[in-house]
$ cat coords-v3.tsv   # TSV, C-alpha atoms
chain	number	residue	atom	x	y	z
A	22	MET	CA	0.00	0.00	0.00
A	23	ALA	CA	1.47	3.31	-1.10
A	24	LEU	CA	1.88	6.01	1.51
A	25	PRO	CA	0.02	9.27	0.99
A	26	ARG	CA	2.20	11.91	-0.67
A	27	GLU	CA	2.04	14.29	2.30
A	28	MET	CA	3.47	11.64	4.63
A	29	VAL	CA	6.73	11.28	2.67
A	30	ARG	CA	7.37	14.97	2.11
A	31	ILE	CA	10.66	16.06	3.69
A	32	PRO	CA	10.45	19.40	5.54
A	33	ASP	CA	12.34	22.29	3.88
A	34	ASP	CA	14.32	22.97	7.06
A	35	LEU	CA	15.71	19.45	7.03
A	36	ILE	CA	16.57	19.69	3.32
A	37	PHE	CA	18.30	23.01	3.94
A	38	CYS	CA	20.35	21.49	6.80
A	39	VAL	CA	21.63	18.75	4.49
A	40	LEU	CA	22.27	20.91	1.43
A	41	ALA	CA	23.99	23.65	3.47
A	42	LYS	CA	26.79	21.20	4.34
A	43	LEU	CA	27.67	20.41	0.71
A	44	PRO	CA	30.57	21.89	-1.26
A	45	LEU	CA	29.40	24.44	-3.81
A	46	LYS	CA	30.06	22.11	-6.76
A	47	SER	CA	27.77	19.45	-5.30
A	48	LEU	CA	25.15	22.03	-4.40
A	49	LYS	CA	25.13	23.33	-7.99
A	50	ARG	CA	24.80	19.76	-9.28
A	51	PHE	CA	21.61	19.20	-7.24
A	52	GLU	CA	19.91	22.34	-8.54
A	53	CYS	CA	18.17	20.22	-11.20
A	54	VAL	CA	16.48	17.96	-8.63
A	55	HIS	CA	13.74	20.40	-7.70
A	56	LYS	CA	12.76	23.82	-9.00
A	57	SER	CA	12.85	25.26	-5.47
A	58	TRP	CA	16.57	24.37	-5.27
A	59	VAL	CA	17.61	26.35	-8.34
A	60	ASN	CA	18.26	29.64	-6.55
A	61	LEU	CA	19.04	28.42	-3.05
A	62	LEU	CA	22.02	30.75	-2.64
A	63	GLU	CA	19.72	33.70	-3.34
A	64	ASN	CA	17.61	32.71	-0.33
A	65	PRO	CA	18.92	34.84	2.61
A	66	TYR	CA	17.99	32.17	5.18
A	67	PHE	CA	19.79	29.38	3.32
A	68	LEU	CA	22.79	31.58	2.45
A	69	SER	CA	23.23	32.47	6.13
A	70	MET	CA	23.07	28.78	7.06
A	71	TYR	CA	25.57	27.90	4.32
A	72	ARG	CA	28.05	30.57	5.46
A	73	ASN	CA	27.75	29.55	9.11
A	74	ASN	CA	28.45	25.92	8.21
A	75	ILE	CA	31.62	26.91	6.35
A	76	ILE	CA	32.86	29.02	9.25
A	77	SER	CA	32.08	26.30	11.83
A	78	LYS	CA	33.93	23.73	9.70
A	79	TYR	CA	37.18	25.51	10.48
A	80	ASN	CA	36.55	25.74	14.23
A	81	SER	CA	38.34	22.38	14.50
A	82	PHE	CA	41.51	23.92	13.04
A	83	ASN	CA	42.62	25.03	16.53
A	84	ASN	CA	45.90	23.16	16.15
A	85	SER	CA	46.74	25.10	13.01
A	86	SER	CA	49.42	27.76	13.04
A	87	VAL	CA	49.78	30.91	10.97
A	88	LEU	CA	52.89	31.74	8.99
A	89	LEU	CA	53.40	35.51	8.82
A	90	LYS	CA	56.09	37.08	6.66
A	91	GLN	CA	56.90	40.57	7.90
A	92	PHE	CA	58.19	43.38	5.68
A	93	LEU	CA	59.04	46.72	7.31
A	94	ASN	CA	61.27	48.52	4.79
A	95	CYS	CA	63.94	47.90	2.16
A	96	GLU	CA	66.74	48.29	4.72
A	97	THR	CA	65.35	45.64	7.09
A	98	PRO	CA	65.50	41.94	6.14
A	99	ASP	CA	62.17	40.13	5.86
A	100	LYS	CA	61.26	38.22	9.03
A	101	LEU	CA	59.17	35.10	9.42
A	102	PHE	CA	56.90	34.36	12.39
A	103	LEU	CA	54.80	31.40	13.41
A	104	LEU	CA	51.62	32.49	15.23
A	105	SER	CA	49.49	30.21	17.38
A	106	GLY	CA	46.83	30.50	20.07
A	107	GLU	CA	43.20	31.57	19.68
A	108	GLY	CA	44.20	35.24	19.54
A	109	PHE	CA	47.57	34.63	17.82
A	110	GLU	CA	49.22	35.64	21.08
A	111	ASN	CA	52.02	33.07	20.74
A	112	LYS	CA	54.71	34.29	18.36
A	113	ARG	CA	57.84	32.39	17.37
A	114	LYS	CA	60.45	33.83	15.00
A	115	LEU	CA	61.74	31.40	12.37
A	116	ASP	CA	65.15	31.59	10.70
A	117	TRP	CA	65.38	31.57	6.93
A	118	PRO	CA	67.61	28.78	5.50
A	119	THR	CA	71.19	30.07	5.41
A	120	LEU	CA	71.84	29.16	1.75
A	121	PHE	CA	68.95	31.18	0.41
A	122	PRO	CA	70.10	34.45	-1.22
A	123	ARG	CA	68.76	37.50	0.61
A	124	GLU	CA	69.57	40.46	-1.65
A	125	ASP	CA	66.01	40.73	-3.03
A	126	LEU	CA	62.48	40.65	-1.65
A	127	ILE	CA	61.39	37.18	-0.54
A	128	PHE	CA	58.00	35.75	-1.50
A	129	ILE	CA	56.20	32.65	-0.28
A	130	LEU	CA	54.06	31.22	-3.05
A	131	SER	CA	50.62	31.87	-1.58
A	132	SER	CA	48.06	29.21	-0.63
A	133	THR	CA	50.43	26.40	-1.59
A	134	ILE	CA	51.55	24.74	1.65
A	135	VAL	CA	51.74	21.09	0.61
A	136	HIS	CA	52.46	18.42	3.25
A	137	GLY	CA	54.20	21.05	5.35
A	138	MET	CA	56.34	22.21	2.42
A	139	ILE	CA	56.37	25.75	1.00
A	140	CYS	CA	57.86	27.23	-2.16
A	141	VAL	CA	59.97	30.32	-1.46
A	142	HIS	CA	61.25	32.50	-4.28
A	143	GLN	CA	62.63	35.95	-4.91
A	144	GLY	CA	60.02	37.54	-7.06
A	145	TYR	CA	60.25	38.61	-10.65
A	146	PHE	CA	63.88	38.03	-11.53
A	147	LYS	CA	65.76	38.84	-14.75
A	148	ALA	CA	68.93	37.85	-16.56
A	149	PHE	CA	70.66	38.81	-19.82
A	150	VAL	CA	72.01	35.31	-20.42
A	151	PRO	CA	69.93	32.23	-21.29
A	152	GLU	CA	70.18	30.90	-17.75
A	153	ILE	CA	68.04	31.94	-14.80
A	154	PRO	CA	70.04	31.60	-11.54
A	155	HIS	CA	68.50	29.52	-8.78
A	156	LYS	CA	66.36	31.72	-6.57
A	157	ILE	CA	63.65	29.16	-5.83
A	158	MET	CA	63.60	26.89	-2.80
A	159	LEU	CA	61.36	24.13	-1.47
A	160	TRP	CA	61.35	24.25	2.34
A	161	ASN	CA	59.82	21.62	4.59
A	162	LEU	CA	58.66	23.46	7.69
A	163	THR	CA	58.22	20.23	9.66
A	164	THR	CA	61.70	18.76	9.11
A	165	GLN	CA	63.44	22.11	8.38
A	166	GLN	CA	65.00	20.50	5.29
A	167	PHE	CA	65.19	22.53	2.08
A	168	ARG	CA	66.13	22.12	-1.56
A	169	LEU	CA	67.52	24.97	-3.65
A	170	LEU	CA	66.29	24.39	-7.20
A	171	PRO	CA	68.79	24.21	-10.06
A	172	SER	CA	69.17	27.07	-12.51
A	173	LEU	CA	66.75	27.17	-15.40
A	174	HIS	CA	68.53	27.00	-18.76
A	175	ILE	CA	66.68	28.73	-21.61
A	176	GLU	CA	67.67	27.34	-25.01
A	177	ASP	CA	65.05	29.09	-27.13
A	178	CYS	CA	65.91	32.67	-26.23
A	179	PRO	CA	68.23	34.70	-28.48
A	180	LEU	CA	71.55	35.55	-26.83
A	181	GLY	CA	71.62	39.01	-25.31
A	182	TRP	CA	67.87	39.29	-24.76
A	183	GLU	CA	66.61	40.05	-21.27
A	184	ILE	CA	64.73	37.14	-19.73
A	185	ALA	CA	62.18	37.65	-16.96
A	186	SER	CA	61.07	34.62	-14.97
A	187	GLU	CA	58.23	34.07	-12.49
A	188	VAL	CA	57.15	31.15	-10.33
A	189	HIS	CA	53.49	30.34	-11.03
A	190	GLY	CA	52.66	27.15	-9.17
A	191	PHE	CA	53.82	24.47	-6.77
A	192	GLY	CA	52.07	21.26	-5.83
A	193	TYR	CA	52.06	17.48	-5.48
A	194	ASP	CA	51.29	14.85	-8.12
A	195	CYS	CA	50.09	11.81	-6.16
A	196	LEU	CA	50.15	9.46	-9.17
A	197	THR	CA	53.89	9.95	-9.64
A	198	ASP	CA	54.59	10.78	-5.97
A	199	ASP	CA	56.39	13.93	-7.05
A	200	TYR	CA	56.49	17.59	-6.08
A	201	LYS	CA	56.46	20.00	-9.01
A	202	VAL	CA	57.05	23.70	-9.66
A	203	ILE	CA	55.78	25.70	-12.65
A	204	GLN	CA	57.81	28.61	-13.96
A	205	CYS	CA	57.29	30.98	-16.88
A	206	ALA	CA	60.22	32.63	-18.66
A	207	HIS	CA	59.37	35.67	-20.75
A	208	TYR	CA	61.43	37.59	-23.28
A	209	CYS	CA	60.51	40.35	-25.68
A	210	ASP	CA	61.69	39.88	-29.27
A	211	PRO	CA	59.78	42.56	-31.25
A	212	PRO	CA	57.29	42.14	-32.75
A	213	ASN	CA	56.79	38.96	-30.73
A	214	ASP	CA	56.51	38.45	-26.98
A	215	GLU	CA	57.33	34.89	-25.99
A	216	ASN	CA	56.24	32.97	-22.91
A	217	LEU	CA	58.25	29.80	-22.34
A	218	TRP	CA	56.87	27.39	-19.76
A	219	TYR	CA	58.89	24.93	-17.65
A	220	ILE	CA	58.04	22.36	-14.98
A	221	TYR	CA	60.40	21.18	-12.26
A	222	SER	CA	60.36	17.64	-10.83
A	223	LEU	CA	61.73	17.05	-7.33
A	224	ARG	CA	62.25	13.34	-8.12
A	225	SER	CA	64.58	14.12	-11.04
A	226	ASN	CA	65.76	17.48	-9.67
A	227	SER	CA	65.47	18.92	-13.18
A	228	TRP	CA	63.42	21.27	-15.36
A	229	ARG	CA	61.48	20.20	-18.46
A	230	LYS	CA	60.01	22.49	-21.09
A	231	LEU	CA	56.21	22.42	-21.46
A	232	ASP	CA	54.60	22.64	-24.88
A	233	VAL	CA	51.71	24.78	-23.71
A	234	ASP	CA	50.22	28.21	-24.32
A	235	MET	CA	48.48	29.73	-21.31
A	236	PRO	CA	48.13	33.14	-19.69
A	237	CYS	CA	50.88	34.07	-17.25
A	238	LYS	CA	50.28	35.69	-13.87
A	239	TRP	CA	48.77	39.14	-13.88
A	240	CYS	CA	51.59	40.48	-11.72
A	241	GLU	CA	53.99	39.35	-9.00
A	242	SER	CA	52.12	39.58	-5.74
A	243	SER	CA	51.09	37.43	-2.81
A	244	GLY	CA	47.63	35.92	-3.08
A	245	PHE	CA	47.83	35.32	-6.84
A	246	SER	CA	48.41	31.56	-6.64
A	247	LEU	CA	46.63	28.53	-5.20
A	248	TYR	CA	47.19	24.76	-5.07
A	249	LEU	CA	44.12	22.55	-4.68
A	250	ASN	CA	43.60	18.86	-5.46
A	251	GLU	CA	46.69	18.42	-7.69
A	252	VAL	CA	45.86	21.53	-9.70
A	253	CYS	CA	47.80	24.80	-9.63
A	254	HIS	CA	45.75	27.96	-10.09
A	255	TRP	CA	46.72	31.58	-10.68
A	256	TYR	CA	45.29	34.82	-12.01
A	257	GLY	CA	45.88	35.16	-15.76
A	258	TRP	CA	45.58	38.24	-17.93
A	259	ILE	CA	44.00	37.71	-21.39
A	260	ALA	CA	44.64	40.55	-23.82
A	261	GLN	CA	41.60	41.40	-25.95
A	262	GLY	CA	42.72	44.63	-27.59
A	263	TRP	CA	41.80	48.25	-26.94
A	264	GLU	CA	38.29	49.67	-26.88
A	265	ASN	CA	36.93	53.20	-27.14
A	266	ASN	CA	34.55	53.73	-24.23
A	267	GLY	CA	33.46	57.18	-25.46
A	268	GLN	CA	35.87	58.98	-23.17
A	269	GLY	CA	39.06	57.49	-24.53
A	270	TRP	CA	40.75	54.20	-25.27
A	271	GLU	CA	41.08	51.54	-22.57
A	272	ASP	CA	42.61	48.11	-22.42
A	273	ASN	CA	39.79	45.56	-22.77
A	274	ALA	CA	41.85	42.75	-21.24
A	275	GLN	CA	40.08	40.25	-19.00
A	276	LEU	CA	41.18	38.66	-15.76
A	277	CYS	CA	40.78	34.89	-15.65
A	278	LEU	CA	41.60	31.93	-13.45
A	279	VAL	CA	44.20	29.63	-15.02
A	280	SER	CA	44.15	26.03	-13.78
A	281	PHE	CA	47.00	23.62	-14.62
A	282	ASN	CA	46.68	19.92	-13.76
A	283	LEU	CA	50.05	18.66	-12.55
A	284	HIS	CA	49.50	15.08	-13.71
A	285	ASN	CA	47.90	15.26	-17.16
A	286	GLU	CA	49.01	18.87	-17.82
A	287	VAL	CA	45.53	19.85	-18.98
A	288	ILE	CA	44.75	23.59	-18.80
A	289	VAL	CA	41.37	25.15	-18.00
A	290	THR	CA	40.68	28.88	-17.98
A	291	THR	CA	37.71	30.41	-16.17
A	292	HIS	CA	36.76	34.03	-16.75
A	293	ILE	CA	36.12	36.23	-13.74
A	294	PRO	CA	33.18	38.24	-15.14
A	295	PHE	CA	32.67	40.57	-12.19
A	296	PHE	CA	36.29	41.77	-12.11
A	297	ARG	CA	35.77	44.82	-14.34
A	298	GLU	CA	32.38	45.57	-12.80
A	299	THR	CA	33.55	45.97	-9.23
A	300	ALA	CA	37.33	46.40	-9.24
A	301	THR	CA	39.28	49.62	-9.24
A	302	ARG	CA	43.01	50.25	-9.43
A	303	PHE	CA	43.02	50.22	-5.62
A	304	THR	CA	41.48	46.73	-5.44
A	305	ASN	CA	43.33	43.88	-3.74
A	306	HIS	CA	42.85	40.42	-5.25
A	307	HIS	CA	43.46	37.09	-3.56
A	308	LEU	CA	42.98	33.38	-4.26
A	309	ASP	CA	42.27	30.88	-1.51
A	310	GLU	CA	40.33	27.72	-0.72
A	311	LEU	CA	37.05	27.56	1.21
A	312	ASN	CA	35.15	24.34	1.87
A	313	GLY	CA	36.99	22.55	-0.96
A	314	SER	CA	36.23	25.28	-3.51
A	315	ILE	CA	38.30	28.05	-5.08
A	316	ALA	CA	37.62	31.42	-3.47
A	317	TYR	CA	38.29	34.74	-5.20
A	318	ILE	CA	38.55	37.67	-2.80
A	319	GLN	CA	38.21	41.36	-3.67
A	320	HIS	CA	38.98	44.14	-1.26
A	321	ASP	CA	38.79	47.89	-1.76
A	322	SER	CA	36.18	50.03	-0.04
A	323	ASN	CA	34.15	46.80	0.25
A	324	PHE	CA	35.13	43.20	0.98
A	325	HIS	CA	33.76	40.33	-1.15
A	326	ILE	CA	34.40	36.58	-1.25
A	327	PHE	CA	33.26	34.73	-4.38
A	328	VAL	CA	33.38	30.92	-4.68
A	329	LEU	CA	33.68	28.93	-7.92
A	330	GLY	CA	31.31	26.01	-8.47
A	331	GLU	CA	32.97	24.46	-11.54
A	332	LEU	CA	36.18	25.12	-13.46
A	333	GLY	CA	35.62	26.63	-16.88
A	334	VAL	CA	32.09	27.81	-16.08
A	335	LYS	CA	32.11	31.53	-15.37
A	336	GLU	CA	28.41	31.47	-14.44
A	337	SER	CA	29.19	29.20	-11.47
A	338	TRP	CA	30.88	32.00	-9.48
A	339	THR	CA	28.78	32.75	-6.39
A	340	LYS	CA	29.13	35.67	-4.00
A	341	LEU	CA	29.33	34.15	-0.53
A	342	PHE	CA	30.45	36.93	1.84
A	343	THR	CA	30.09	40.70	1.56
A	344	PHE	CA	31.11	43.38	4.05
A	345	SER	CA	30.17	46.86	2.95
A	346	PRO	CA	31.98	48.96	3.89
A	347	SER	CA	35.09	46.84	4.41
A	348	PRO	CA	35.89	46.05	8.07
A	349	CYS	CA	39.33	47.58	7.47
A	350	PRO	CA	40.18	50.16	4.78
A	351	GLU	CA	43.84	49.09	4.63
A	352	ARG	CA	45.63	46.42	2.61
A	353	PHE	CA	44.19	42.90	2.62
A	354	LEU	CA	46.83	40.25	3.43
A	355	GLY	CA	45.00	36.94	3.34
A	356	VAL	CA	42.51	34.52	4.82
A	357	VAL	CA	43.42	32.19	7.69
A	358	LYS	CA	41.40	29.08	8.59
A	359	LYS	CA	41.81	28.81	12.36
A	360	CYS	CA	39.05	28.83	14.98
A	361	GLY	CA	36.74	29.79	12.13
A	362	ILE	CA	37.73	32.13	9.30
A	363	VAL	CA	39.97	35.09	10.04
A	364	VAL	CA	41.03	37.85	7.65
A	365	PHE	CA	44.33	39.72	8.05
A	366	PHE	CA	44.88	43.35	7.06
A	367	GLY	CA	47.97	45.57	6.95
A	368	THR	CA	48.61	49.27	6.40
A	369	ILE	CA	50.65	51.00	3.71
A	370	TYR	CA	53.11	52.08	6.40
A	371	GLY	CA	55.63	49.87	8.20
A	372	ASP	CA	55.23	51.49	11.61
A	373	GLN	CA	51.60	50.42	12.14
A	374	GLU	CA	50.05	47.22	13.43
A	375	ILE	CA	48.81	44.31	11.35
A	376	THR	CA	45.22	43.49	12.34
A	377	TRP	CA	42.88	40.52	12.03
A	378	PHE	CA	39.11	40.34	11.59
A	379	ASP	CA	36.97	37.38	12.67
A	380	LEU	CA	34.16	36.73	10.16
A	381	SER	CA	31.89	35.16	12.80
A	382	THR	CA	32.28	37.68	15.64
A	383	GLN	CA	33.16	40.61	13.32
A	384	VAL	CA	35.70	41.83	15.86
A	385	ILE	CA	38.99	43.47	14.78
A	386	GLN	CA	42.13	42.97	16.87
A	387	GLU	CA	45.82	43.76	16.55
A	388	VAL	CA	48.38	41.01	16.00
A	389	GLY	CA	51.24	42.69	17.84
A	390	ILE	CA	53.47	42.80	14.76
A	391	LYS	CA	53.98	45.78	12.47
A	392	GLY	CA	54.47	45.64	8.72
A	393	VAL	CA	53.78	47.08	5.26
A	394	GLY	CA	50.62	45.44	3.98
A	395	LEU	CA	51.66	45.32	0.33
A	396	LEU	CA	54.59	42.96	1.00
A	397	CYS	CA	53.53	41.06	4.13
A	398	GLN	CA	51.99	37.59	3.81
A	399	VAL	CA	49.95	35.21	5.96
A	400	GLU	CA	49.39	31.49	5.36
A	401	THR	CA	47.52	28.79	7.27
A	402	VAL	CA	49.75	25.89	8.34
A	403	PRO	CA	47.29	23.11	9.29
A	404	GLY	CA	48.24	20.55	11.92
A	405	ILE	CA	51.89	21.59	12.25
A	406	ASN	CA	53.52	22.63	15.49
A	407	ILE	CA	57.04	23.92	14.91
$ encode --input "coords-v3.tsv" --output "structure tokens"
Amino acid sequence: MALPREMVRIPDDLIFCVLAKLPLKSLKRFECVHKSWVNLLENPYFLSMYRNNIISKYNSFNNSSVLLKQFLNCETPDKLFLLSGEGFENKRKLDWPTLFPREDLIFILSSTIVHGMICVHQGYFKAFVPEIPHKIMLWNLTTQQFRLLPSLHIEDCPLGWEIASEVHGFGYDCLTDDYKVIQCAHYCDPPNDENLWYIYSLRSNSWRKLDVDMPCKWCESSGFSLYLNEVCHWYGWIAQGWENNGQGWEDNAQLCLVSFNLHNEVIVTTHIPFFRETATRFTNHHLDELNGSIAYIQHDSNFHIFVLGELGVKESWTKLFTFSPSPCPERFLGVVKKCGIVVFFGTIYGDQEITWFDLSTQVIQEVGIKGVGLLCQVETVPGINI
């Protein structure tokens, strides 16, 4: 005997509780199940529940530490601190590996701590010979072991041309049990600009040229890279020519997310359609991971967090968090997953405090460390006590 339809109907509140715990990709996949699920993230009640579930997920990250790279001025060497405690009250200074050259600014490739290992490099470096000197290092924070990568030899560049090289990605390929680094070498040979791509293998301790054509990073800055599930991501800049907007000519280039699979070397690009709508030249941009999804963060007078539902589908970007006006008008440094979700900010001056903002309590506090926001960095180090 069939049960009456009303007896098997699941209450909406129960459905919401289940769906609110799903990653965005899964949630998007279930939109076709019922017409009332199509615009769930436009429902304020469900969106609030979804955000709260994401924040509470990271409450268990109490044993995580925060890696903070401090920059004060060009005369003072960069310092590295490990922060722990619920209010980041415990601060331990770390020493840089002695063999790493220190004459230039030091960058930690953002959002790419893999099995306790980070990729440290010295920015956008140049050479007039077809060999890029080694200024890239893999550093295991747990064992304190490090590997200085070999120089990159460029065979396809004409002698005498200036070569500029940037680190784009670092991650782990589980199928080959190998750690890999992606680097782009660029030289200008009018009328052609050439991007030459190389991949480093820790197992072979060597570079190999990639036969690929993909957008390079928009600029050298922290927050422009991300490693997630064996894929390296970064902001790419796609040139689309100049356009007359009625008041003059402007570059119609588009910002996109470039995703490079470390195993099969497949490339996917995803346009960021809201970039030109909301961004200004004062906007900070940042990539991170939230609840297993790629998060794109914009910060200027407002603070937004967008999450991507599916690679290659620009319509799957969803605005998850908005603070208007921004909780802090200064420079955005990064997102930390510890006791919830915490956002770090810095000033444009080196003699002022770095602050942090808790998304759940919406309280701003000082870290107790000063630094210039543009060149400071913060990274979550899950489950590692150094």
$ atom_distance --input "coords-v3.tsv" --atom1 "atom CA of Ile184 of chain A" --atom2 "atom CA of His284 of chain A"
27.5 Å
$ residues_around --input "coords-v3.tsv" --residues "segment 278-283 of chain A" --least-positions-apart "4" --cutoff "8 Å" --atoms "all atoms listed in the file" --output "MDAnalysis selection string"
chainID A and resid 192:194 201 235:236 251:257 287:293
$ residues_around --input "coords-v3.tsv" --residues "Met138 of chain A" --least-positions-apart "4" --cutoff "7 Å" --atoms "all atoms listed in the file" --output "JSON, numbers by chain"
{"A": [134, 159, 160, 161, 162]}
$ atom_distance --input "coords-v3.tsv" --atom1 "atom CA of Phe167 of chain A" --atom2 "atom CA of Phe245 of chain A"
23.3 Å
$ residues_around --input "coords-v3.tsv" --residues "segment 88-101 of chain A" --least-positions-apart "5" --cutoff "9 Å" --atoms "only C-alpha atoms" --output "list in words"
Arg113, Lys114, Leu115, Asp116, Trp117, Arg123, Glu124, Leu126, Ile127, Phe128, Ile129, Tyr370, Gly371, Asp372, Ile390, Lys391, Gly392, Val393, Gly394, Leu395, Leu396, Cys397, Gln398, Val399, Glu400, Thr401 and Val402 of chain A
$ residues_around --input "coords-v3.tsv" --residues "Ser246 of chain A" --least-positions-apart "6" --cutoff "9 Å" --atoms "all atoms listed in the file" --output "list of chain:residue names"
A:Leu130, A:Ser131, A:Ser132, A:Thr133, A:His189, A:Gly190, A:Phe191, A:Lys238, A:Cys253, A:His254, A:Trp255, A:Tyr256, A:His307, A:Leu308, A:Asp309
$ closest_residue --input "coords-v3.tsv" --among "A:Ala316, A:Thr339, A:Cys195, A:His174" --to "Lys230 of chain A" --atoms "all atoms listed in the file"
A:His174
$ residues_around --input "coords-v3.tsv" --residues "Glu107 of chain A" --least-positions-apart "5" --cutoff "8 Å" --atoms "all atoms listed in the file" --output "ChimeraX atom specification"
/A:83,359-360
$ closest_residue --input "coords-v3.tsv" --among "A:Val39, A:Leu48, A:Val356, A:Cys349" --to "Glu331 of chain A" --atoms "only C-alpha atoms"
A:Leu48
$ closest_residue --input "coords-v3.tsv" --among "A:Glu187, A:Val135, A:Ser105, A:Leu217" --to "Asp199 of chain A" --atoms "all atoms listed in the file"
A:Val135
$ atom_distance --input "coords-v3.tsv" --atom1 "atom CA of Ala41 of chain A" --atom2 "atom CA of Tyr71 of chain A"
4.6 Å
$ decode --input "coords-v3.tsv" --residues "segment 155-166 of chain A" --atoms "N, CA and C atoms" --output "PDB file, in the first residue's frame"
ATOM      1  N   HIS A 155      69.440  30.124  -9.716  1.00  0.00           N
ATOM      2  CA  HIS A 155      68.496  29.524  -8.785  1.00  0.00           C
ATOM      3  C   HIS A 155      68.148  30.501  -7.668  1.00  0.00           C
ATOM      4  N   LYS A 156      66.887  30.882  -7.640  1.00  0.00           N
ATOM      5  CA  LYS A 156      66.359  31.725  -6.573  1.00  0.00           C
ATOM      6  C   LYS A 156      65.017  31.163  -6.124  1.00  0.00           C
ATOM      7  N   ILE A 157      64.884  29.842  -6.241  1.00  0.00           N
ATOM      8  CA  ILE A 157      63.655  29.157  -5.834  1.00  0.00           C
ATOM      9  C   ILE A 157      64.041  28.039  -4.876  1.00  0.00           C
ATOM     10  N   MET A 158      63.278  27.893  -3.798  1.00  0.00           N
ATOM     11  CA  MET A 158      63.602  26.891  -2.800  1.00  0.00           C
ATOM     12  C   MET A 158      62.340  26.210  -2.309  1.00  0.00           C
ATOM     13  N   LEU A 159      62.408  24.890  -2.132  1.00  0.00           N
ATOM     14  CA  LEU A 159      61.358  24.134  -1.470  1.00  0.00           C
ATOM     15  C   LEU A 159      61.812  23.891  -0.031  1.00  0.00           C
ATOM     16  N   TRP A 160      60.961  24.264   0.926  1.00  0.00           N
ATOM     17  CA  TRP A 160      61.350  24.249   2.337  1.00  0.00           C
ATOM     18  C   TRP A 160      60.295  23.498   3.123  1.00  0.00           C
ATOM     19  N   ASN A 161      60.714  22.403   3.755  1.00  0.00           N
ATOM     20  CA  ASN A 161      59.820  21.621   4.585  1.00  0.00           C
ATOM     21  C   ASN A 161      59.829  22.206   5.997  1.00  0.00           C
ATOM     22  N   LEU A 162      58.721  22.805   6.399  1.00  0.00           N
ATOM     23  CA  LEU A 162      58.657  23.464   7.695  1.00  0.00           C
ATOM     24  C   LEU A 162      58.676  22.472   8.855  1.00  0.00           C
ATOM     25  N   THR A 163      58.257  21.233   8.601  1.00  0.00           N
ATOM     26  CA  THR A 163      58.224  20.227   9.658  1.00  0.00           C
ATOM     27  C   THR A 163      59.624  19.706   9.972  1.00  0.00           C
ATOM     28  N   THR A 164      60.369  19.348   8.917  1.00  0.00           N
ATOM     29  CA  THR A 164      61.702  18.761   9.110  1.00  0.00           C
ATOM     30  C   THR A 164      62.812  19.797   9.046  1.00  0.00           C
ATOM     31  N   GLN A 165      62.469  21.030   8.581  1.00  0.00           N
ATOM     32  CA  GLN A 165      63.439  22.106   8.382  1.00  0.00           C
ATOM     33  C   GLN A 165      64.456  21.786   7.283  1.00  0.00           C
ATOM     34  N   GLN A 166      64.155  20.793   6.437  1.00  0.00           N
ATOM     35  CA  GLN A 166      65.004  20.499   5.287  1.00  0.00           C
ATOM     36  C   GLN A 166      64.579  21.381   4.116  1.00  0.00           C
TER      37      GLN A 166
END
